[in-house]
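Down below is the structure, laid out as structure tokens.
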Amino acid sequence: EVQLVESGGDLVQPGGSLRLSCAASGFSFSDHHMDWVRQAPGKGLEWVARIRNKVEGYIIDYAASVKGRFTISRDDSKNSLSLQMNSLKIEDTALYFCARVLIGRGQFDHWGQGTLVTVSS
Amino acid sequence: AIQMTQSPSSLSASVGDRVTITCRASQGIGHALGWYQQKPGKAPKLLISVTSSLQSGVPSRFTASGSGTDFTLTISSLQPEDFATYYCLQDSNYPLTFGGGTKVEIK
């Protein structure tokens with residue numbers, strides 16, 4: 001069974017940093033691109049970042065709203081995905097989901113349950 | 001960035017109704033679109049990818065069509081478990097962009 005379990009969410013002050021993790025199991029993690037998607041309270045979904053698999057050179061893309069502040073990374077030996085978030089803003093407050101990308105398709109076929117990041121003074 | 005305009009933002013319908021949700025892309029995206037269902041407090045669930053490819057386990061009452069800039073998701077006969085919020089997502093270009101969502105409520 002495919003499982004994605006996020007952790008690391010917390011209350012942090014504006015300007016602070018946080019590191020989110022996603023532990024993957026039940027599938028060949030290294031074969032898949034992996035993404036972070038977020039959802040502000042009561043709002044819609046927003047794509048955050050993608051890291052491709054080794055075959056595609058671990059190429060990374062970011063949403064404009066987080067570029068330069070967030071860093072996505074992966075450790076295929078540990079089946080783990082991470083998101084380092086620096087210079088956090090109030091508008092980064094959201095539930096952060098880790099999502100697996102369908103091979104050859106680009107859409108997300110499995111999601112974690114999310115980890116909540118609250119940026120507030 | 002490609003903008004995805006989803007409509008309506010909400011609708012009220014009864015069990016057994018036929019429901020149609022649309023997404024319009026600000027530029028052509030070919031068939032690079034998927035549809036998701038999200039229930040309160042839960043992660044989104046992929047229903048359909050590449051415009052019309054139904055995910056395993058998704059009931060056949062869900063169908064989708066479209067290409068280029070105009071896409072539709074249709075629920076042929078709404079069931080109680082279908083009341084949820086639906087999103088489209090384009091993966092043609094970065095940044096990936098979601099539609100604003102359509103909340104399907106019970107009439």
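Chain identifiers are assigned as A, B, and so on, following the order in which chains appear in the structure tokens; residues are numbered from 1 within each chain, and ligands are numbered from 1 in order of appearance.
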
Write out, as a tab-separated table, each residue of chain A that has an atom at most 9 Å from chain B, together with the closest pair of atoms and their distance in Å to one decimal, counting only C-alpha atoms, rows going by chain and rising number.
residue	atom	partner	partner_atom	distance
A:Lys43	CA	B:Gly100	CA	8.5
A:Gly44	CA	B:Gly100	CA	5.9
A:Leu45	CA	B:Phe98	CA	6.4
A:Glu46	CA	B:Phe98	CA	6.6
A:Trp47	CA	B:Leu96	CA	6.1
A:Val48	CA	B:Pro95	CA	8.4
A:Ala49	CA	B:Pro95	CA	8.4
A:Asp61	CA	B:Tyr94	CA	7.3
A:Tyr62	CA	B:Pro95	CA	6.9
A:Ala63	CA	B:Pro95	CA	5.6
A:Ala64	CA	B:Pro95	CA	7.7
A:Phe97	CA	B:Ala43	CA	7.7
A:Arg105	CA	B:Val50	CA	7.0
A:Gly106	CA	B:Asp91	CA	5.9
A:Gln107	CA	B:Gly34	CA	6.5
A:Phe108	CA	B:Leu46	CA	6.6
A:Asp109	CA	B:Leu46	CA	5.7
A:His110	CA	B:Lys45	CA	7.4
A:Trp111	CA	B:Ala43	CA	6.3
A:Gly112	CA	B:Ala43	CA	6.8
A:Gln113	CA	B:Ala43	CA	5.6
A:Gly114	CA	B:Ala43	CA	7.4

**Message:** Could you list, as a list in words, every residue within 9 Å of Ser120 (chain A), counting only C-alpha atoms and ignoring same-chain residues fewer than 6 positions away?
**Reply:**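 Final neighbour list, sorted by chain and number: Leu11, Val12, Gln13, Pro14, Lys89, Ile90 and Thr93 of chain A.
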
Keeping N, CA, C and O atoms for every residue in the selection just given, could you write it to a file as a PDB file, in the first residue's frame?
ATOM      1  N   LEU A  11       3.897  25.965  14.531  1.00  0.00           N
ATOM      2  CA  LEU A  11       3.665  27.406  14.608  1.00  0.00           C
ATOM      3  C   LEU A  11       5.038  28.089  14.579  1.00  0.00           C
ATOM      4  O   LEU A  11       5.924  27.755  15.381  1.00  0.00           O
ATOM      5  N   VAL A  12       5.190  29.046  13.676  1.00  0.00           N
ATOM      6  CA  VAL A  12       6.481  29.736  13.539  1.00  0.00           C
ATOM      7  C   VAL A  12       6.224  31.215  13.297  1.00  0.00           C
ATOM      8  O   VAL A  12       5.182  31.592  12.725  1.00  0.00           O
ATOM      9  N   GLN A  13       7.139  32.045  13.749  1.00  0.00           N
ATOM     10  CA  GLN A  13       6.984  33.494  13.578  1.00  0.00           C
ATOM     11  C   GLN A  13       7.365  33.911  12.152  1.00  0.00           C
ATOM     12  O   GLN A  13       8.172  33.244  11.494  1.00  0.00           O
ATOM     13  N   PRO A  14       6.792  35.009  11.696  1.00  0.00           N
ATOM     14  CA  PRO A  14       7.195  35.531  10.386  1.00  0.00           C
ATOM     15  C   PRO A  14       8.713  35.720  10.337  1.00  0.00           C
ATOM     16  O   PRO A  14       9.324  36.192  11.289  1.00  0.00           O
ATOM     17  N   LYS A  89       6.382  33.718   5.593  1.00  0.00           N
ATOM     18  CA  LYS A  89       5.451  34.835   5.617  1.00  0.00           C
ATOM     19  C   LYS A  89       4.104  34.346   6.148  1.00  0.00           C
ATOM     20  O   LYS A  89       3.791  33.149   6.081  1.00  0.00           O
ATOM     21  N   ILE A  90       3.296  35.266   6.612  1.00  0.00           N
ATOM     22  CA  ILE A  90       1.969  34.919   7.114  1.00  0.00           C
ATOM     23  C   ILE A  90       1.178  34.173   6.044  1.00  0.00           C
ATOM     24  O   ILE A  90       0.457  33.220   6.343  1.00  0.00           O
ATOM     25  N   THR A  93       0.954  30.280   5.637  1.00  0.00           N
ATOM     26  CA  THR A  93       0.124  29.458   6.513  1.00  0.00           C
ATOM     27  C   THR A  93      -0.766  28.554   5.677  1.00  0.00           C
ATOM     28  O   THR A  93      -1.537  29.025   4.839  1.00  0.00           O
TER      29      THR A  93
END

**Asked** DSSP says strand (DSSP E or B) for which residues of region 29-83 of chain B? Put them as a VMD selection string?
**Response** chain B and resid 33 to 38 45 to 49 53 to 54 62 to 67 70 to 75

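Once Ile59 (chain A) and its same-chain neighbours fewer than 4 positions away are set aside, A:His33, A:Met34, A:Asp35, A:Ala49, A:Arg50, A:Ile51, A:Arg52, A:Asn53, A:Lys54, A:Val55, A:Ile72, A:Ser73, A:Arg74 remain within 12 Å of it when counting only C-alpha atoms.
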
**Request:** Quick one: everything within 9 Å of Thr63 (chain B), counting only C-alpha atoms, minus sequence neighbours fewer than 5 positions away in the same chain. Send it as an MDAnalysis selection string.
**Result:** chainID B and resid 48 52:54 72:76

**Request:** Please provide as a ChimeraX atom specification all residues within 7 Å of Gln3 (chain A), with the sequence filter that same-chain residues fewer than 3 positions apart are discarded (counting only C-alpha atoms).
**Result:** /A:24-26

Could you turn the residues from that selection into a file that holds all heavy atoms, as a PDB file, in the first residue's frame?
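Heads up, here's the output in result_19.pdb:
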ATOM      1  N   ALA A  24       7.893   8.114   2.605  1.00  0.00           N
ATOM      2  CA  ALA A  24       7.159   7.345   1.601  1.00  0.00           C
ATOM      3  C   ALA A  24       7.391   5.850   1.796  1.00  0.00           C
ATOM      4  O   ALA A  24       8.497   5.429   2.181  1.00  0.00           O
ATOM      5  CB  ALA A  24       7.599   7.762   0.202  1.00  0.00           C
ATOM      6  N   SER A  25       6.373   5.072   1.530  1.00  0.00           N
ATOM      7  CA  SER A  25       6.501   3.621   1.608  1.00  0.00           C
ATOM      8  C   SER A  25       5.498   2.963   0.681  1.00  0.00           C
ATOM      9  O   SER A  25       4.537   3.596   0.248  1.00  0.00           O
ATOM     10  CB  SER A  25       6.300   3.127   3.046  1.00  0.00           C
ATOM     11  OG  SER A  25       5.019   3.481   3.512  1.00  0.00           O
ATOM     12  N   GLY A  26       5.754   1.698   0.363  1.00  0.00           N
ATOM     13  CA  GLY A  26       4.817   0.919  -0.434  1.00  0.00           C
ATOM     14  C   GLY A  26       4.975   1.054  -1.930  1.00  0.00           C
ATOM     15  O   GLY A  26       4.135   0.542  -2.682  1.00  0.00           O
TER      16      GLY A  26
END

What's the 8 Å shell around Glu105 (chain B), counting only C-alpha atoms, without same-chain residues fewer than 2 positions away, as a CSV table (one decimal) with N, CA, C and O atoms, in the first residue's frame?
chain,number,residue,atom,x,y,z
B,10,SER,N,-19.7,27.1,-7.0
B,10,SER,CA,-20.5,26.2,-6.1
B,10,SER,C,-21.8,25.9,-6.9
B,10,SER,O,-22.2,26.7,-7.8
B,11,LEU,N,-22.4,24.8,-6.5
B,11,LEU,CA,-23.6,24.5,-7.0
B,11,LEU,C,-24.4,23.6,-6.0
B,11,LEU,O,-23.8,22.9,-5.2
B,12,SER,N,-25.7,23.7,-6.1
B,12,SER,CA,-26.6,22.8,-5.3
B,12,SER,C,-27.3,21.8,-6.2
B,12,SER,O,-27.8,22.3,-7.3
B,13,ALA,N,-27.3,20.6,-5.8
B,13,ALA,CA,-27.9,19.6,-6.7
B,13,ALA,C,-28.5,18.5,-5.8
B,13,ALA,O,-28.1,18.3,-4.6
B,83,PHE,N,-20.8,14.5,-2.9
B,83,PHE,CA,-20.9,15.9,-2.4
B,83,PHE,C,-19.5,16.2,-1.8
B,83,PHE,O,-19.0,15.6,-0.8
B,84,ALA,N,-18.8,17.2,-2.4
B,84,ALA,CA,-17.4,17.4,-2.2
B,84,ALA,C,-17.0,18.7,-3.0
B,84,ALA,O,-17.9,19.3,-3.7
B,103,LYS,N,-17.6,23.7,-5.3
B,103,LYS,CA,-18.2,23.0,-4.2
B,103,LYS,C,-19.6,22.5,-4.6
B,103,LYS,O,-20.4,23.3,-4.9
B,107,LYS,N,-28.9,19.9,-2.4
B,107,LYS,CA,-30.0,20.8,-2.5
B,107,LYS,C,-31.1,20.4,-1.5
B,107,LYS,O,-31.4,19.2,-1.4

**Request:** Point out the residue among A:Asp76, A:Gln84, A:Gly15, A:Ile60 with the least atom-to-atom distance to Phe29 (chain A), counting only C-alpha atoms.
**Result:** A:Asp76

**Prompt:** Which residue gives the smallest distance to Leu81 (chain A) among A:Ala99, A:Lys67, A:Asp31, A:Gly16, with only C-alpha atoms counted?
**Reply:**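 Selected residue with least distance to Leu81 (chain A): A:Ala99.
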
**Request:** Find, counting only C-alpha atoms, the residue in B:Asn93, B:Pro59, B:Ile106, B:Ser77 that gets nearest to Gly16 (chain B).
**Result:**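 Using only C-alpha atoms, Gly16 (chain B) sits closest to B:Ser77.
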
**Request:** Rank nothing, just name the residue among B:Lys39, B:Val15, B:Gln6, B:His31 nearest to Ala64 (chain B), using only C-alpha atoms.
**Result:**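 Once distances to Ala64 (chain B) are computed over only C-alpha atoms, the minimum belongs to B:His31.
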
**Request:** Identify which of the residues A:Leu4, A:Glu56, A:Trp36, A:Gly42 lies closest to Gly104 (chain A), counting only C-alpha atoms when measuring atom-to-atom distances.
**Result:**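 Of the candidates, the smallest distance to Gly104 (chain A) is held by A:Glu56.
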